[in-house]
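Next up, start_37.cif (mmCIF, C-alpha atoms):
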```cif
data_final
loop_
_atom_site.group_PDB
_atom_site.id
_atom_site.type_symbol
_atom_site.label_atom_id
_atom_site.label_comp_id
_atom_site.auth_asym_id
_atom_site.auth_seq_id
_atom_site.Cartn_x
_atom_site.Cartn_y
_atom_site.Cartn_z
ATOM 1 C CA HIS A 1034 0.523 4.081 -6.017
ATOM 2 C CA LEU A 1035 3.970 2.931 -7.054
ATOM 3 C CA SER A 1036 5.759 0.134 -5.264
ATOM 4 C CA HIS A 1037 8.463 1.060 -2.780
ATOM 5 C CA ASP A 1038 11.091 -0.329 -5.174
ATOM 6 C CA ALA A 1039 9.794 1.810 -8.050
ATOM 7 C CA GLN A 1040 9.792 4.908 -5.825
ATOM 8 C CA LYS A 1041 13.394 4.217 -4.766
ATOM 9 C CA LYS A 1042 14.464 3.814 -8.390
ATOM 10 C CA MET A 1043 12.762 7.099 -9.337
ATOM 11 C CA ARG A 1044 14.609 8.831 -6.479
ATOM 12 C CA GLU A 1045 17.965 7.316 -7.468
ATOM 13 C CA LEU A 1046 17.483 8.431 -11.088
ATOM 14 C CA GLY A 1047 16.540 11.971 -10.037
ATOM 15 C CA GLY A 1048 12.912 11.704 -11.121
ATOM 16 C CA VAL A 1049 11.611 12.851 -7.747
ATOM 17 C CA SER A 1050 13.052 15.204 -5.154
ATOM 18 C CA LYS A 1051 14.177 13.986 -1.733
ATOM 19 C CA HIS A 1052 11.464 16.158 -0.165
ATOM 20 C CA ARG A 1053 8.711 14.535 -2.269
ATOM 21 C CA PHE A 1054 10.148 11.029 -1.773
ATOM 22 C CA ASP A 1055 10.234 11.472 2.009
ATOM 23 C CA TYR A 1056 6.711 12.941 2.024
ATOM 24 C CA VAL A 1057 5.198 10.078 0.018
ATOM 25 C CA ASN A 1058 6.995 7.434 2.056
ATOM 26 C CA GLY A 1059 5.788 9.019 5.295
ATOM 27 C CA LEU A 1060 2.085 9.059 4.414
ATOM 28 C CA ILE A 1061 1.388 5.711 6.075
ATOM 29 C CA GLU A 1062 2.760 5.599 9.597
ATOM 30 C CA GLY A 1063 1.397 2.220 10.722
ATOM 31 C CA ASN A 1064 -1.050 3.492 13.341
ATOM 32 C CA GLU A 1065 -4.025 3.934 10.998
ATOM 33 C CA THR A 1066 -7.368 2.229 11.652
ATOM 34 C CA LEU A 1067 -7.519 1.013 8.057
ATOM 35 C CA VAL A 1068 -5.258 1.466 5.046
ATOM 36 C CA LEU A 1069 -6.693 0.878 1.568
ATOM 37 C CA VAL A 1070 -3.934 -0.058 -0.850
ATOM 38 C CA ASP A 1071 -4.221 -0.022 -4.637
ATOM 39 C CA ALA A 1072 -2.151 -3.115 -5.223
ATOM 40 C CA GLY A 1073 -2.613 -4.162 -8.820
ATOM 41 C CA GLY A 1074 1.119 -4.121 -9.523
ATOM 42 C CA GLY A 1075 2.762 -2.939 -12.681
ATOM 43 C CA ALA A 1076 3.686 0.580 -13.725
ATOM 44 C CA ILE A 1077 0.939 2.562 -11.972
ATOM 45 C CA HIS A 1078 -0.078 0.442 -8.991
ATOM 46 C CA GLY A 1079 1.562 -0.507 -5.725
ATOM 47 C CA ASP A 1080 2.881 -3.860 -4.612
ATOM 48 C CA TYR A 1081 0.854 -5.448 -1.807
ATOM 49 C CA ARG A 1082 4.018 -6.976 -0.329
ATOM 50 C CA ASP A 1083 5.133 -3.473 0.699
ATOM 51 C CA TYR A 1084 2.311 -3.384 3.266
ATOM 52 C CA LEU A 1085 2.220 -6.900 4.713
ATOM 53 C CA THR A 1086 4.251 -5.934 7.772
ATOM 54 C CA LEU A 1087 2.155 -2.927 8.789
ATOM 55 C CA PRO A 1088 0.756 -3.547 12.266
ATOM 56 C CA GLY A 1089 -2.795 -2.423 11.492
ATOM 57 C CA ARG A 1090 -5.581 -3.487 9.191
ATOM 58 C CA VAL A 1091 -4.823 -3.298 5.479
ATOM 59 C CA ALA A 1092 -7.320 -3.889 2.679
ATOM 60 C CA PHE A 1093 -5.956 -4.509 -0.802
ATOM 61 C CA MET A 1094 -8.067 -3.441 -3.737
ATOM 62 C CA HIS A 1095 -7.792 -3.354 -7.493
ATOM 63 C CA THR A 1096 -5.926 -6.610 -7.683
ATOM 64 C CA GLY A 1097 -6.549 -10.186 -8.627
ATOM 65 C CA LEU A 1098 -2.899 -11.107 -8.437
ATOM 66 C CA ILE A 1099 -2.600 -12.154 -4.791
ATOM 67 C CA GLN A 1100 -2.558 -15.939 -4.730
ATOM 68 C CA GLU A 1101 -0.955 -16.544 -1.334
ATOM 69 C CA PRO A 1102 -2.605 -16.523 2.087
ATOM 70 C CA LEU A 1103 -2.451 -13.086 3.689
ATOM 71 C CA PRO A 1104 -1.409 -12.459 7.298
ATOM 72 C CA ALA A 1105 -4.026 -11.662 9.941
ATOM 73 C CA GLY A 1106 -5.422 -8.162 9.520
ATOM 74 C CA LYS A 1107 -4.744 -8.107 5.785
ATOM 75 C CA GLU A 1108 -7.575 -8.723 3.313
ATOM 76 C CA LEU A 1109 -8.663 -8.470 -0.300
ATOM 77 C CA VAL A 1110 -11.644 -6.252 -1.021
ATOM 78 C CA SER A 1111 -13.782 -6.057 -4.117
ATOM 79 C CA SER A 1112 -15.722 -3.259 -5.757
ATOM 80 C CA GLY A 1113 -18.800 -2.337 -3.717
ATOM 81 C CA GLN A 1114 -17.705 -4.252 -0.644
ATOM 82 C CA VAL A 1115 -18.579 -2.619 2.687
ATOM 83 C CA LEU A 1116 -15.912 -2.566 5.393
ATOM 84 C CA ASN A 1117 -16.735 -2.016 9.056
ATOM 85 C CA LEU A 1118 -14.326 0.417 10.654
ATOM 86 C CA LEU A 1119 -15.643 0.141 14.198
ATOM 87 C CA ASP A 1120 -16.853 -2.826 16.209
ATOM 88 C CA SER A 1121 -20.619 -2.656 16.695
#
```
Encoded form (structure tokens):
Amino acid sequence: HLSHDAQKKMRELGGVSKHRFDYVNGLIEGNETLVLVDAGGGAIHGDYRDYLTLPGRVAFMHTGLIQEPLPAGKELVSSGQVLNLLDS
């Protein structure tokens, strides 16, 4: 859930192996139907800005910090919200 910058800093300081760093950074490839991102910021959550350029649909949860308009295909979701994955 860490931001890309925090992951890079951990790698530079030796807190995570290259193998683990590469694995974590390769989890999202950009061809997913939907990516749910925990984007609350801070020490244990990701940064939503890391995912704004993904080509697919991205839903940001666990955040109230996003104040700017999001690009097409990017959305805020709230607890209990239902997301359609397929067109009906």
Excluding Pro1088 of chain A and any residue of its chain fewer than 2 positions from it, enumerate the residues within 9 Å of it, using all atoms listed in the file, and give them as a PyMOL selection string.
chain A and resi 1063-1065+1085-1086+1090-1091+1106
Figure out the distance between atom CA of Asp1083 of chain A and atom CA of Arg1053 of chain A, please, to one decimal in Å.
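Going from atom CA of Arg1053 of chain A over to atom CA of Asp1083 of chain A, I get 18.6 Å.
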Expressed in Å to a single decimal, how great is the separation between atom CA of Lys1107 of chain A and atom CA of Ala1092 of chain A?
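It comes out at 5.8 Å.
Closest approach to Asn1117 of chain A from the set A:Asp1080, A:Thr1066, A:Asp1071, A:Phe1093 is made by A:Thr1066, with distances taken over only C-alpha atoms.
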Counting all atoms listed in the file, which residue out of A:Gly1074, A:Tyr1081, A:Gly1089, A:Glu1062 sits closest to Leu1118 of chain A?
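When distances to Leu1118 of chain A are compared using all atoms listed in the file, the smallest one comes from A:Gly1089.
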Around segment 1114-1117 of chain A, fit a box with edges along x, y and z, padding it by 8 Å on each side, then list its centre and edge lengths in Å to one decimal as lines of an AutoDock Vina configuration file.
```
center_x = -17.2
center_y = -3.1
center_z = 4.2
size_x = 18.7
size_y = 18.2
size_z = 25.7
```
Atomic distance atom CA of Gly1059 of chain A - atom CA of Gln1100 of chain A, expressed in Å with one decimal:
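About the pair atom CA of Gly1059 of chain A and atom CA of Gln1100 of chain A: they are 28.2 Å apart.
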Output the residue selection produced by the PyMOL selection byres ((chain A and resi 1054) around 12) on the file above, formatted as a PyMOL selection string.
chain A and resi 1035+1037-1045+1047-1053+1055-1060
Using all atoms listed in the file and a cutoff of 8 Å, can you tell me which residues are near (2.1, -13.4, 1.8) in the file's coordinates, and write them out as a PDB file with C-alpha atoms, keeping the file's coordinate frame?
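Here's the written file selection.pdb:
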```pdb
ATOM      1  CA  ARG A1082       4.018  -6.976  -0.329  1.00  0.00           C
ATOM      2  CA  LEU A1085       2.220  -6.900   4.713  1.00  0.00           C
ATOM      3  CA  GLU A1101      -0.955 -16.544  -1.334  1.00  0.00           C
ATOM      4  CA  PRO A1102      -2.605 -16.523   2.087  1.00  0.00           C
ATOM      5  CA  LEU A1103      -2.451 -13.086   3.689  1.00  0.00           C
ATOM      6  CA  PRO A1104      -1.409 -12.459   7.298  1.00  0.00           C
TER       7      PRO A1104
END
```
Tell me which of A:Leu1109, A:Leu1046, A:Ala1076, A:Val1068 sits closest to Met1094 of chain A, counting only C-alpha atoms.
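That would be A:Leu1109, the residue with the smallest distance to Met1094 of chain A.
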Kindly indicate which residue among A:Leu1116, A:Leu1067, A:Leu1087, A:Ala1072 lies nearest to Ile1099 of chain A, using all atoms listed in the file for the distances.
A:Ala1072
Which protein, DNA or RNA residues are at most 10 Å from (-12.7, -11.3, -3.3) in the file's coordinates when you count only C-alpha atoms, listed as a list in words?
Phe1093, Met1094, Thr1096, Gly1097, Glu1108, Leu1109, Val1110, Ser1111, Ser1112 and Gln1114 of chain A
